[in-house]
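Chemist: Before we start, here is the structure in question, set down as structure tokens.
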2 protein chains.
Amino acid sequence: MSQFWSDIVHQLTPYVPGEQPKMSKLIKLNTNECPYGPSPRALAAIREAVSDDLRLYPDPQADALKQAVANYFQLAPENVFVGNGSDEILAHTFHGLLKHDAPVLFPDISYSFYPVYCRLYDIEAAPVALRDDFAIAVEDYARPNGGVILPNPNAPTGRLLSLSAIEQLLQANPKSVVVVDEAYIDFGGESAAALVPRYPNLLVVQTLSKSRALAGLRVGFALGDPALIEALVRVKDSFNSYPLDRPAIQGAVAAIEDHDYFGDLCARVIATRERLTTGLERLGFSVIPSQANFVFTTHPKHQAADIAARLREDSIIVRHFRQPRIENYLRITVGTDEEIKQLLESLQRIVGA
Amino acid sequence: MSQFWSDIVHQLTPYVPGEQPKMSKLIKLNTNECPYGPSPRALAAIREAVSDDLRLYPDPQADALKQAVANYFQLAPENVFVGNGSDEILAHTFHGLLKHDAPVLFPDISYSFYPVYCRLYDIEAAPVALRDDFAIAVEDYARPNGGVILPNPNAPTGRLLSLSAIEQLLQANPKSVVVVDEAYIDFGGESAAALVPRYPNLLVVQTLSKSRALAGLRVGFALGDPALIEALVRVKDSFNSYPLDRPAIQGAVAAIEDHDYFGDLCARVIATRERLTTGLERLGFSVIPSQANFVFTTHPKHQAADIAARLREDSIIVRHFRQPRIENYLRITVGTDEEIKQLLESLQRIVGA
């Protein structure tokens, strides 16, 4: 508290990201990073950007990256916005497209950054309760709103909405922007990007932090009608002209163009997720059906917080949210097969068999 | 214009950065980049960060970088905030520390991003006219305000305020945050960083884009009392947990620790600036005394816009601002000696001798 703070600073409850421990030798299954490194072509492209040219500003609009993203989704560059991770894009989206008189709707159990953005930009938030099985029922979003945002698949549950459910949501809210936050879509879902040409109220947000294995490079993008993209550009150009550095732009282009590596990587994560799910169920856990690179799971006889603490003694870190309705669940990132094997062995000791 | 835009988007007049042309073979003297590459130690550190570890998120608080900056200025890490270029830090500063009931004061001829931030965050702006010689008179800032911000040296004039003038400003405004934007301080000025322990209302902002030759890496930092830093952290953690990517953090640490390279580089730019100034004066230009890596200059017989257009025909780009009081001035970045030689030859043909 300080006399120098703006009023808004006093009201903020900042987002708390998952722990990023500085020790190595951990099995880190708490922040949904990819267990494999990025495309070797991306690494080569980043290295190539490390030169005396770093003395020069990057392209402020990152046109090469917009073009690569547009090509990938068969859209136009005018449909693409890029930013310093999808979190920055979400921030600009709340500020530029979701701040209206009516409240923003999002699931009550979801990405916990959404209510933080609402406080930052003084936007009324109206959380919508998930159904008892943690499903999003799109008909629950048919009420007056200034925008709708939801992750698909949802986090931390991993549950996927079908594209027809997304369309239903878009049709029910023609006067609001519907933001589909697809951080985890590549692990089993179908992107709403294909709907962009038909729905001027749709904004799709993706990140290179998960399926492109580039969390350390900070790149995300949004896809939408040019009018929505223009709002984001206007906010961005009033905030920071050059949000993406030269290595990030070059690396992201190469990552998006390396289709084979990307396909293999997603397939490996999906295969391990299925082994993890089966292994957990054998130990008596219930697992919410996941189409993400994590699973959300609970055990009938053991407290989630206790299990997380015991795993930590074995140098395995998973995510536990102290939040109503989910305090007895753990979110476990899909690691390598070897990491998952060690996790399951550790869990066997903890919960018995 | 779109029904989906937030009200604020309609009011924005985004900042327009200097042109970043995609052709090479240009003499680019328009955006105050350093004419020499960054520290080889910084390049090596960035390369080292290009590994499979890019799959992992960076340290959200970039503690290693805070520590390096703190060491450099003999301050504590609690006095340091880091961000994705100083523009991002300035944005958070307007939002978190300068948004109050009274207007923010800044020079009428100054960094043109300041009024843009005011519109983005709905802050009243009260530009204070520079004196006729483009000097900032600190006594002009002794009036009710919600904050004061000025670049030192000022841009685009290059004029430096002494540390005692800065202290006068701090003492005259004990209830406001005074932001000293030191993008160009290393080319001849004395940083106000030394005043941080004595003035709880002082925030110093610096960038690695100029004297560290890393415009393409996007790193800046702020120095101030822990309460001011906390406001920035609260805003940042409500906006984007991970604004700095792994290569940027590692490269910035190495750049700040390479004292010798930094000292040599600044000395070379200063020496060339003096040659540029002398050369311009020989051609009949008036040059405002500059302590920055650019000069601000006017010719009594030739229109600045015409000179800029003629230079462009010779593939030399300088910055011209179509703005009252300065429309007959050019801002010319200090390039290499060879670039400045070519500039002066071209100017000789344009203005005669």
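FYI, nothing fancy with the structure tokens labels: chains A, B, ... in order, residues from 1 per chain, ligands from 1 as they appear.
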Run DSSP on the backbone and tell me which residues of region 101-188 of chain B come out as strand (DSSP E); list them as a ChimeraX atom specification.
Modeler: /B:104-107,125-128,147-151,178-181
Chemist: Closest to chain A among B:Arg159, B:Arg310, B:Arg131, B:Arg119, using only C-alpha atoms?
Modeler: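 Looking at the shortest contact to chain A, the residue is B:Arg119.
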Chemist: Between CA of Cys266 (chain B) and CA of Arg212 (chain B), what is the distance in Å, rounded to a tenth?
Modeler: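 The value is 8.8 Å.
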Chemist: With only C-alpha atoms as the basis for distance, which of B:Ala215, B:Leu280, B:Ile317, B:Val104 is at the shortest distance from chain A?
Modeler: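 Distance minimum relative to chain A lands on B:Ala215.
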Chemist: Please identify every residue of region 259-318 of chain B that has at least one atom no farther than 7 Å from an atom of region 180-196 of chain B, counting only C-alpha atoms, and for each give the shortest atom pair and the distance in Å to one decimal, arranged by chain then increasing number, as a tab-separated table.
Modeler:
```
residue	atom	partner	partner_atom	distance
B:Cys266	CA	B:Phe187	CA	5.9
B:Ile270	CA	B:Phe187	CA	6.2
B:Gln291	CA	B:Gly188	CA	4.9
B:Ala292	CA	B:Phe187	CA	5.1
B:Asn293	CA	B:Phe187	CA	6.2
```
Chemist: Pick the closest to Asp306 (chain B) from B:Tyr329, B:Phe94, B:Phe285, B:Tyr114: which is it, counting only C-alpha atoms?
Modeler: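 Checking each candidate against Asp306 (chain B), we get B:Tyr329 as the closest.
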